[in-house]
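> Structure: query.cif, mmCIF, C-alpha atoms and all ligand atoms.
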```
data_structure
#
loop_
_atom_site.label_atom_id
_atom_site.label_comp_id
_atom_site.auth_asym_id
_atom_site.auth_seq_id
_atom_site.Cartn_x
_atom_site.Cartn_y
_atom_site.Cartn_z
CA VAL A 1 -1.87 3.65 24.27
CA LYS A 2 1.77 3.45 25.34
CA HIS A 3 2.55 0.01 23.98
CA PRO A 4 -0.20 -0.84 21.53
CA ARG A 5 -0.96 -4.48 20.88
CA ILE A 6 -1.11 -4.94 17.14
CA THR A 7 -2.53 -7.87 15.20
CA VAL A 8 -1.90 -8.26 11.48
CA ILE A 9 -4.54 -10.48 9.91
CA GLY A 10 -3.16 -11.96 6.69
CA ALA A 11 0.61 -11.56 6.98
CA GLY A 12 1.44 -12.03 3.29
CA ASN A 13 3.47 -9.65 1.11
CA MET A 14 1.95 -6.43 2.37
CA GLY A 15 1.06 -7.58 5.88
CA GLY A 16 4.54 -9.05 6.29
CA ALA A 17 6.19 -5.82 5.10
CA LEU A 18 4.10 -3.89 7.59
CA LEU A 19 5.08 -6.30 10.37
CA GLY A 20 8.72 -5.70 9.55
CA GLY A 21 8.21 -1.94 9.69
CA ILE A 22 6.30 -2.08 12.97
CA LEU A 23 9.05 -4.10 14.63
CA LYS A 24 11.94 -2.16 13.14
CA SER A 25 10.54 1.22 14.12
CA GLY A 26 9.57 0.02 17.58
CA VAL A 27 5.96 1.24 17.21
CA ALA A 28 5.08 -1.92 19.14
CA ARG A 29 7.09 -4.47 21.08
CA PRO A 30 7.50 -7.93 19.50
CA GLU A 31 5.62 -9.53 22.42
CA ASP A 32 2.67 -7.23 21.67
CA VAL A 33 2.52 -8.10 17.98
CA MET A 34 0.65 -11.03 16.52
CA ALA A 35 0.00 -12.24 12.98
CA THR A 36 -2.37 -14.63 11.29
CA THR A 37 -2.11 -16.41 7.95
CA GLY A 38 -4.20 -18.82 5.90
CA THR A 39 -1.86 -21.79 6.31
CA GLU A 40 0.32 -23.32 9.03
CA ALA A 41 3.40 -23.29 6.81
CA LYS A 42 3.12 -19.54 6.25
CA ALA A 43 2.50 -18.95 9.96
CA ARG A 44 5.74 -20.77 10.82
CA GLN A 45 7.58 -18.74 8.23
CA VAL A 46 6.25 -15.44 9.61
CA ALA A 47 7.04 -16.42 13.21
CA GLU A 48 10.58 -17.36 12.22
CA ARG A 49 11.24 -14.26 10.16
CA HIS A 50 9.76 -11.68 12.52
CA GLY A 51 10.01 -13.32 15.92
CA VAL A 52 6.35 -12.71 16.71
CA ARG A 53 3.47 -15.04 17.47
CA ALA A 54 1.91 -16.19 14.21
CA VAL A 55 -1.00 -18.58 13.82
CA ALA A 56 -3.02 -19.97 10.95
CA LYS A 57 -6.61 -18.69 10.87
CA MET A 58 -7.65 -18.04 14.53
CA ASN A 59 -8.49 -14.52 13.43
CA LEU A 60 -11.13 -14.02 16.09
CA GLU A 61 -8.72 -14.67 18.99
CA ALA A 62 -6.00 -12.61 17.35
CA ALA A 63 -8.30 -9.65 16.77
CA GLN A 64 -9.66 -9.85 20.29
CA ALA A 65 -6.17 -9.60 21.75
CA ALA A 66 -5.25 -6.37 19.93
CA ASP A 67 -5.70 -2.63 20.32
CA ILE A 68 -5.09 -2.18 16.62
CA VAL A 69 -6.29 -4.76 14.11
CA ILE A 70 -4.68 -4.54 10.68
CA LEU A 71 -6.46 -6.42 7.90
CA ALA A 72 -4.16 -7.45 5.07
CA VAL A 73 -6.06 -10.31 3.44
CA LYS A 74 -7.09 -10.15 -0.21
CA PRO A 75 -10.15 -7.96 -0.87
CA GLY A 76 -12.26 -11.00 -1.79
CA LYS A 77 -11.67 -12.46 1.68
CA MET A 78 -12.46 -9.27 3.58
CA SER A 79 -16.20 -9.77 4.18
CA GLY A 80 -15.62 -13.30 5.46
CA VAL A 81 -12.77 -12.30 7.76
CA LEU A 82 -14.68 -9.27 9.09
CA THR A 83 -17.68 -11.47 9.91
CA GLU A 84 -15.32 -13.90 11.62
CA ILE A 85 -13.64 -11.29 13.86
CA ARG A 86 -16.80 -9.28 14.56
CA PRO A 87 -17.63 -11.04 17.88
CA GLY A 88 -14.12 -10.28 19.16
CA LEU A 89 -14.19 -6.55 18.47
CA ARG A 90 -15.20 -3.87 20.94
CA VAL A 91 -15.35 -0.09 21.22
CA GLY A 92 -11.86 1.23 21.90
CA GLN A 93 -10.16 -0.82 19.22
CA ILE A 94 -8.87 0.56 15.93
CA VAL A 95 -9.33 -1.25 12.63
CA VAL A 96 -7.02 -0.60 9.69
CA SER A 97 -7.73 -2.20 6.32
CA LEU A 98 -5.21 -2.50 3.51
CA ALA A 99 -7.60 -4.26 1.17
CA ALA A 100 -7.57 -2.47 -2.16
CA ALA A 101 -10.93 -1.11 -3.30
CA TYR A 102 -12.79 -2.48 -0.24
CA PRO A 103 -14.68 0.58 1.00
CA ILE A 104 -14.82 1.77 4.62
CA GLY A 105 -18.62 1.82 4.30
CA LEU A 106 -18.65 -1.91 3.74
CA VAL A 107 -16.35 -2.53 6.73
CA GLU A 108 -18.80 -0.45 8.78
CA ARG A 109 -21.78 -2.41 7.51
CA VAL A 110 -20.23 -5.77 8.30
CA LEU A 111 -18.88 -4.76 11.73
CA ASP A 112 -21.78 -2.52 12.76
CA LEU A 113 -19.76 -0.96 15.60
CA PRO A 114 -19.02 2.73 16.31
CA ILE A 115 -15.25 2.29 16.03
CA PRO A 116 -12.50 4.08 14.11
CA ILE A 117 -11.80 2.49 10.77
CA PHE A 118 -8.87 3.43 8.59
CA ARG A 119 -8.13 2.44 5.03
CA ALA A 120 -4.55 2.48 3.86
CA MET A 121 -3.29 2.12 0.31
CA PRO A 122 0.42 1.37 0.55
CA ASN A 123 2.65 0.23 -2.29
CA ILE A 124 5.17 -2.55 -2.56
CA PRO A 125 8.38 -0.51 -1.93
CA VAL A 126 7.29 -0.46 1.73
CA ILE A 127 9.47 -3.59 1.78
CA VAL A 128 12.55 -1.35 1.43
CA GLU A 129 11.07 1.48 3.51
CA GLU A 130 10.46 3.61 0.43
CA GLY A 131 6.74 3.03 0.12
CA ALA A 132 4.03 5.61 -0.46
CA THR A 133 0.79 5.27 1.44
CA GLY A 134 -2.53 7.00 0.89
CA MET A 135 -4.76 6.95 3.97
CA ALA A 136 -8.39 7.70 4.75
CA ARG A 137 -10.48 7.39 7.92
CA ASN A 138 -14.10 7.17 8.97
CA ALA A 139 -16.09 9.62 11.11
CA HIS A 140 -15.34 7.79 14.38
CA ALA A 141 -11.59 8.20 14.00
CA THR A 142 -10.00 10.99 16.03
CA ILE A 143 -6.90 13.01 15.17
CA GLU A 144 -5.03 11.20 17.96
CA GLN A 145 -5.94 7.80 16.55
CA ALA A 146 -4.96 9.00 13.08
CA ALA A 147 -1.55 9.94 14.48
CA ILE A 148 -1.14 6.45 15.96
CA VAL A 149 -2.05 4.78 12.67
CA GLU A 150 0.22 7.13 10.75
CA SER A 151 3.10 6.21 13.06
CA ILE A 152 2.70 2.58 11.99
CA PHE A 153 3.06 3.39 8.29
CA ARG A 154 5.42 6.36 8.49
CA PRO A 155 8.60 4.26 8.96
CA LEU A 156 7.81 2.62 5.62
CA GLY A 157 7.64 5.88 3.65
CA PRO A 158 5.52 9.03 3.35
CA VAL A 159 1.84 8.94 4.30
CA CYS A 160 -0.70 11.16 2.49
CA TRP A 161 -4.15 11.70 4.00
CA VAL A 162 -6.94 11.90 1.43
CA GLU A 163 -10.71 11.61 1.23
CA GLU A 164 -11.68 7.99 0.82
CA ASP A 165 -12.96 8.52 -2.72
CA GLN A 166 -9.50 9.76 -3.71
CA LEU A 167 -8.02 6.37 -2.83
CA HIS A 168 -8.97 5.24 -6.35
CA ALA A 169 -6.56 7.86 -7.67
CA VAL A 170 -3.96 6.89 -5.07
CA THR A 171 -4.28 3.28 -6.17
CA ALA A 172 -3.80 4.30 -9.80
CA VAL A 173 -0.78 6.54 -9.13
CA SER A 174 1.25 4.96 -6.33
CA GLY A 175 -0.44 1.62 -5.60
CA SER A 176 0.00 0.32 -9.13
CA GLY A 177 2.69 2.88 -10.00
CA PRO A 178 5.72 0.72 -9.24
CA ALA A 179 4.63 -1.57 -12.10
CA TYR A 180 4.75 1.36 -14.54
CA ILE A 181 8.19 2.40 -13.36
CA TYR A 182 9.46 -1.17 -13.61
CA MET A 183 8.44 -1.07 -17.26
CA VAL A 184 10.37 2.18 -17.69
CA ILE A 185 13.45 0.69 -16.04
CA GLU A 186 13.09 -2.49 -18.08
CA ALA A 187 12.85 -0.49 -21.30
CA MET A 188 15.85 1.67 -20.41
CA ILE A 189 17.86 -1.50 -19.76
CA ALA A 190 16.76 -2.82 -23.15
CA GLY A 191 17.84 0.44 -24.78
CA ALA A 192 21.21 0.24 -23.07
CA LEU A 193 21.65 -3.39 -24.17
CA LYS A 194 20.81 -2.41 -27.71
CA GLN A 195 23.66 0.07 -27.52
CA GLY A 196 25.92 -2.78 -26.49
CA LEU A 197 26.31 -2.11 -22.76
CA PRO A 198 26.72 -5.24 -20.59
CA HIS A 199 23.70 -6.40 -18.56
CA ASP A 200 25.04 -5.37 -15.17
CA VAL A 201 26.06 -1.92 -16.38
CA ALA A 202 22.73 -1.41 -18.16
CA THR A 203 20.78 -2.37 -15.03
CA LYS A 204 22.87 -0.28 -12.67
CA LEU A 205 22.60 2.81 -14.87
CA ALA A 206 18.86 2.47 -15.42
CA GLU A 207 17.91 1.80 -11.78
CA GLN A 208 20.16 4.55 -10.44
CA THR A 209 18.83 7.05 -12.98
CA VAL A 210 15.25 6.50 -11.80
CA LEU A 211 16.27 6.61 -8.14
CA GLY A 212 18.43 9.71 -8.61
CA ALA A 213 15.86 11.59 -10.68
CA ALA A 214 13.16 10.94 -8.06
CA LYS A 215 15.48 11.99 -5.25
CA LEU A 216 16.25 15.25 -7.01
CA VAL A 217 12.53 16.02 -7.36
CA ARG A 218 12.10 15.38 -3.64
CA GLU A 219 15.15 17.27 -2.45
CA THR A 220 14.92 20.36 -4.67
CA GLY A 221 11.15 20.65 -4.52
CA LEU A 222 11.36 21.79 -8.14
CA HIS A 223 8.74 20.88 -10.69
CA PRO A 224 10.01 17.99 -12.85
CA ALA A 225 9.57 20.12 -15.97
CA ILE A 226 12.16 22.56 -14.62
CA LEU A 227 14.56 19.77 -13.74
CA ARG A 228 14.08 18.30 -17.20
CA ASP A 229 14.82 21.65 -18.77
CA GLN A 230 18.09 21.77 -16.86
CA VAL A 231 19.23 18.55 -18.57
CA ILE A 232 18.53 19.95 -22.02
CA THR A 233 21.29 21.66 -23.99
CA PRO A 234 20.02 23.57 -27.03
CA GLY A 235 20.65 21.43 -30.08
CA GLY A 236 21.93 18.65 -27.80
CA VAL A 237 21.36 14.96 -27.35
CA THR A 238 18.63 15.01 -24.67
CA ILE A 239 16.20 17.11 -26.67
CA SER A 240 16.32 14.68 -29.58
CA ALA A 241 15.40 11.86 -27.19
CA ILE A 242 12.62 13.98 -25.66
CA HIS A 243 11.23 14.72 -29.11
CA GLU A 244 11.05 10.97 -29.67
CA LEU A 245 9.25 10.42 -26.35
CA GLU A 246 6.78 13.20 -27.17
CA LYS A 247 6.12 11.70 -30.61
CA HIS A 248 5.16 8.43 -28.96
CA GLY A 249 3.03 10.17 -26.34
CA LEU A 250 4.86 9.12 -23.16
CA ARG A 251 3.15 11.68 -20.93
CA SER A 252 -0.28 11.24 -22.47
CA MET A 253 0.11 7.49 -22.17
CA LEU A 254 0.78 7.68 -18.42
CA ILE A 255 -2.10 10.10 -17.85
CA SER A 256 -4.44 7.68 -19.65
CA ALA A 257 -3.05 4.70 -17.78
CA ILE A 258 -3.75 6.37 -14.44
CA GLU A 259 -7.22 7.39 -15.59
CA THR A 260 -8.03 3.82 -16.66
CA ALA A 261 -6.64 2.33 -13.45
CA ALA A 262 -8.71 4.72 -11.28
CA ARG A 263 -11.84 3.84 -13.25
CA HIS A 264 -11.09 0.14 -12.86
CA SER A 265 -10.59 0.61 -9.12
CA ARG A 266 -14.08 2.16 -8.85
CA GLN A 267 -15.53 -0.81 -10.73
CA VAL A 268 -13.84 -3.23 -8.32
CA THR A 269 -15.36 -1.36 -5.37
CA ASP A 270 -18.80 -1.54 -6.97
CA SER A 271 -18.50 -5.28 -7.53
CA LEU A 272 -17.24 -5.92 -3.97
CA VAL A 273 -20.28 -4.08 -2.59
CA LYS A 274 -22.60 -5.88 -5.01
CA ARG A 275 -21.15 -9.24 -4.06
CA TYR A 276 -21.67 -8.51 -0.35
CA GLU A 277 -25.26 -7.38 -0.94
CA GLU A 278 -26.06 -10.53 -2.89
CA LYS A 279 -24.42 -12.83 -0.37
CA PRO A 280 -23.72 -11.06 2.97
N1 LIG A 301 0.79 -6.07 -2.86
C1 LIG A 301 0.55 -4.77 -3.03
O1 LIG A 301 1.26 -4.04 -3.74
C2 LIG A 301 -0.60 -4.12 -2.31
C3 LIG A 301 -0.69 -2.73 -2.29
C4 LIG A 301 -1.73 -2.15 -1.59
C5 LIG A 301 -2.68 -2.92 -0.96
N2 LIG A 301 -2.58 -4.27 -1.01
C6 LIG A 301 -3.61 -5.06 -0.35
O2 LIG A 301 -3.01 -5.85 0.64
C7 LIG A 301 -3.77 -7.03 0.82
C8 LIG A 301 -2.83 -8.22 0.80
O3 LIG A 301 -2.17 -8.28 -0.45
P1 LIG A 301 -0.83 -9.12 -0.61
O4 LIG A 301 -0.26 -8.76 -1.92
O5 LIG A 301 0.00 -8.99 0.61
O6 LIG A 301 -1.45 -10.61 -0.69
P2 LIG A 301 -0.86 -11.98 -0.11
O7 LIG A 301 0.63 -11.96 -0.16
O8 LIG A 301 -1.59 -13.07 -0.79
O9 LIG A 301 -1.27 -11.94 1.42
C9 LIG A 301 -2.50 -12.37 1.91
C10 LIG A 301 -2.26 -13.18 3.16
O10 LIG A 301 -3.52 -13.50 3.72
C11 LIG A 301 -3.42 -14.77 4.28
N3 LIG A 301 -4.75 -15.36 4.44
C12 LIG A 301 -5.53 -15.96 3.51
N4 LIG A 301 -6.67 -16.37 4.07
C13 LIG A 301 -6.62 -16.02 5.37
C14 LIG A 301 -7.49 -16.17 6.46
N5 LIG A 301 -8.68 -16.75 6.33
N6 LIG A 301 -7.10 -15.70 7.66
C15 LIG A 301 -5.91 -15.11 7.83
N7 LIG A 301 -5.05 -14.93 6.83
C16 LIG A 301 -5.39 -15.37 5.61
C17 LIG A 301 -2.56 -15.54 3.32
O11 LIG A 301 -1.99 -16.62 4.02
P3 LIG A 301 -1.27 -17.87 3.27
O12 LIG A 301 0.00 -17.31 2.72
O13 LIG A 301 -1.05 -18.84 4.36
O14 LIG A 301 -2.23 -18.32 2.23
C18 LIG A 301 -1.53 -14.51 2.90
O15 LIG A 301 -0.39 -14.58 3.68
C19 LIG A 301 -4.80 -7.09 -0.32
O16 LIG A 301 -6.06 -6.76 0.18
C20 LIG A 301 -4.32 -6.03 -1.28
O17 LIG A 301 -5.40 -5.40 -1.91
C21 LIG A 301 -1.55 -4.89 -1.65
#
```
Give the structure from the file, written as structure tokens.

Amino acid sequence: VKHPRITVIGAGNMGGALLGGILKSGVARPEDVMATTGTEAKARQVAERHGVRAVAKMNLEAAQAADIVILAVKPGKMSGVLTEIRPGLRVGQIVVSLAAAYPIGLVERVLDLPIPIFRAMPNIPVIVEEGATGMARNAHATIEQAAIVESIFRPLGPVCWVEEDQLHAVTAVSGSGPAYIYMVIEAMIAGALKQGLPHDVATKLAEQTVLGAAKLVRETGLHPAILRDQVITPGGVTISAIHELEKHGLRSMLISAIETAARHSRQVTDSLVKRYEEKP
């Protein structure tokens, strides 16, 4: 498709960020992009901000009008919205779901159509075009369609293709990950304040340190352990801080956090499926 028509159903935080990326990168023309929301007020806001047609509800019409339908409503609303748009879908369209933990198999069951279905797990820095997105697809999706879907997310940050089951791990690492890093930044600011640095200086130093350290990992391709070693002077200051972090189990803590989050993500999937089976 040369100029794909894209509909974003549920243009909230994530759907809105995606809209911004689609328009900025020129993947689709503004006149070919449409968004839906739950409320009129939000629809007006989206239309104003992005200069695209935005309507409250009317998901069926909006889905019908698109080549690519992106679902960005909360996971609990997915089954309802899928049932709603089902009559408007046809072979030839592409469906992309952002709903965390909502499995492709359930989308297939509700839609019951032989169409390509993609599941994307982006994270919130997509807002500043530094997101990380894990992506999986069903058996109907072709390589060409995967390339089209990737081109929608690529302007917002790197896209990693995984098996669907691995999306639980993706959720635990990069989906929820920004929250962990915010805690690290917050704690570094607190440490700086405790040493008497002013708020603005503390914040600037902490945020830039995280950004810079990540950039160095990306640009050198070196393992972080090697980069860490380069900061350490024998008998110096850094190693005494590292000893303290090791004593308190920083690395072990993060490994466990990711393990717990992935397990929780599986449980959410199970309960979404169970809920649909009890009340389709
Ligand atoms: N936020 C993240 O970091 C993140 C990361 C990965 C995946 N996700 C996934 O992205 C999805 C959206 O999350 P979010 O954080 O963007 O939530 P959100 O800001 O609450 O966005 C949901 C949007 O859906 C709209 N909506 C509600 N009912 C609707 C309906 N019947 N028809 C059409 N639109 C409807 C809401 O409209 P109103 O504003 O008018 O109520 C709202 O704008 C979720 O499934 C989540 O799992 C989020």
> Let me make sure I understand: among A:Ala241, A:Leu111, A:Ala147, A:Ala66, which one has the smallest atom-to-atom distance to A:Leu82 if we use all atoms listed in the file?
A:Leu111
> Give me the residues within 10 Å of stretch 185-190 of chain A as a ChimeraX atom specification, counting only C-alpha atoms and dropping any in the same chain fewer than 3 places off.
/A:179-182,193-210
> Kindly give the distance, in Å, that separates atom CA of A:Pro125 and atom CA of A:Ala225, rounded to a single decimal.
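If I compute the distance from atom CA of A:Pro125 to atom CA of A:Ala225, I get 25.0 Å.
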> Could I get the residues of chain A with an atom no further than 6 Å from an atom of ligand LIG 301 (chain A), each paired with its nearest atom pair and that distance in Å to one decimal, using all atoms listed in the file, sorted by chain and residue number, as CSV?

```
residue,atom,partner,partner_atom,distance
A:Ile9,CA,A:LIG301,C15,5.3
A:Gly10,CA,A:LIG301,O10,3.4
A:Ala11,CA,A:LIG301,O15,4.6
A:Gly12,CA,A:LIG301,O15,3.2
A:Asn13,CA,A:LIG301,O5,3.6
A:Met14,CA,A:LIG301,O5,3.7
A:Gly15,CA,A:LIG301,O5,5.6
A:Thr36,CA,A:LIG301,C15,5.0
A:Thr37,CA,A:LIG301,N7,3.5
A:Gly38,CA,A:LIG301,O13,3.5
A:Thr39,CA,A:LIG301,O13,3.6
A:Lys42,CA,A:LIG301,O13,4.6
A:Lys57,CA,A:LIG301,N6,4.4
A:Ala72,CA,A:LIG301,C7,4.3
A:Val73,CA,A:LIG301,O10,4.1
A:Lys74,CA,A:LIG301,O16,3.6
A:Pro75,CA,A:LIG301,O16,4.4
A:Leu98,CA,A:LIG301,C6,4.9
A:Ala99,CA,A:LIG301,O16,3.1
A:Ala100,CA,A:LIG301,O17,3.7
A:Met121,CA,A:LIG301,C4,4.9
A:Pro122,CA,A:LIG301,C4,4.6
A:Asn123,CA,A:LIG301,C3,4.5
A:Ile124,CA,A:LIG301,O1,4.3
A:Gly175,CA,A:LIG301,C3,5.5
```
> Which of these residues is nearest to A:Ser174, using all atoms listed in the file: A:Glu150, A:Glu130, A:Glu40, A:Asp270?
A:Glu130
> Might you pull out every residue within 9 Å of A:Val149, with all atoms listed in the file counted and same-chain residues fewer than 2 positions away left off, and present them as a list of chain:residue names?
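The filter keeps A:Ile68, A:Ile94, A:Val96, A:Phe118, A:Glu144, A:Gln145, A:Ala146, A:Ala147, A:Ser151, A:Ile152, A:Phe153, A:Arg154.
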> Which is closest to A:Ile127 among A:Ala17, A:Ile70, A:Leu89, A:Ala192, if we use all atoms listed in the file?
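Under the stated criterion, the closest residue is A:Ala17.
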> For A:Cys160, which residue among A:Val91, A:Val55, A:Ile85, A:Ala120 is the nearest when counting all atoms listed in the file?
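Residue with the minimum atom-to-atom distance to A:Cys160: A:Ala120.
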> Rank A:Asp32, A:Glu61, A:Glu259, A:Glu278 by their smallest atom-to-atom distance to A:Val173, using all atoms listed in the file, and report the top residue only.
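With all atoms listed in the file as the atom set, the closest residue is A:Glu259.
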> Please measure the separation of atom CA of A:Ser256 and atom CA of A:Ile226, giving the value in Å to one decimal.
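For atom CA of A:Ser256 relative to atom CA of A:Ile226, the distance reads 22.9 Å.
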> Which residues come within 12 Å of A:Ala257, counting all atoms listed in the file, excluding same-chain residues fewer than 2 positions away, as a list in words?
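Final neighbour list, sorted by chain and number: Ala169, Thr171, Ala172, Val173, Ser176, Gly177, Ala179, Tyr180, Gly249, Leu250, Arg251, Ser252, Met253, Leu254, Ile255, Glu259, Thr260, Ala261, Ala262, Arg263 and His264 of chain A.
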> Please produce an output containing C-alpha atoms for each residue in the selection, written as an mmCIF file, in the coordinates of the input.

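Dumped everything to result.cif:
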```
data_model
loop_
_atom_site.group_PDB
_atom_site.id
_atom_site.type_symbol
_atom_site.label_atom_id
_atom_site.label_comp_id
_atom_site.auth_asym_id
_atom_site.auth_seq_id
_atom_site.Cartn_x
_atom_site.Cartn_y
_atom_site.Cartn_z
ATOM 1 C CA ALA A 169 -6.560 7.860 -7.670
ATOM 2 C CA THR A 171 -4.280 3.280 -6.170
ATOM 3 C CA ALA A 172 -3.800 4.300 -9.800
ATOM 4 C CA VAL A 173 -0.780 6.540 -9.130
ATOM 5 C CA SER A 176 0.000 0.320 -9.130
ATOM 6 C CA GLY A 177 2.690 2.880 -10.000
ATOM 7 C CA ALA A 179 4.630 -1.570 -12.100
ATOM 8 C CA TYR A 180 4.750 1.360 -14.540
ATOM 9 C CA GLY A 249 3.030 10.170 -26.340
ATOM 10 C CA LEU A 250 4.860 9.120 -23.160
ATOM 11 C CA ARG A 251 3.150 11.680 -20.930
ATOM 12 C CA SER A 252 -0.280 11.240 -22.470
ATOM 13 C CA MET A 253 0.110 7.490 -22.170
ATOM 14 C CA LEU A 254 0.780 7.680 -18.420
ATOM 15 C CA ILE A 255 -2.100 10.100 -17.850
ATOM 16 C CA GLU A 259 -7.220 7.390 -15.590
ATOM 17 C CA THR A 260 -8.030 3.820 -16.660
ATOM 18 C CA ALA A 261 -6.640 2.330 -13.450
ATOM 19 C CA ALA A 262 -8.710 4.720 -11.280
ATOM 20 C CA ARG A 263 -11.840 3.840 -13.250
ATOM 21 C CA HIS A 264 -11.090 0.140 -12.860
#
```
> Tell me, as a list in words, which residues lie within 8 Å of A:Ser79, counting all atoms listed in the file; anything in the same chain fewer than 3 positions away does not count.
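With the cut-off at 8 Å, the set is Gly76, Leu82, Thr83, Val107, Val110, Tyr276 and Pro280 of chain A.
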> Figure out the distance between atom CA of A:Ala65 and atom CA of A:Ala28, please, to one decimal in Å.
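These atoms are spaced 13.9 Å apart.
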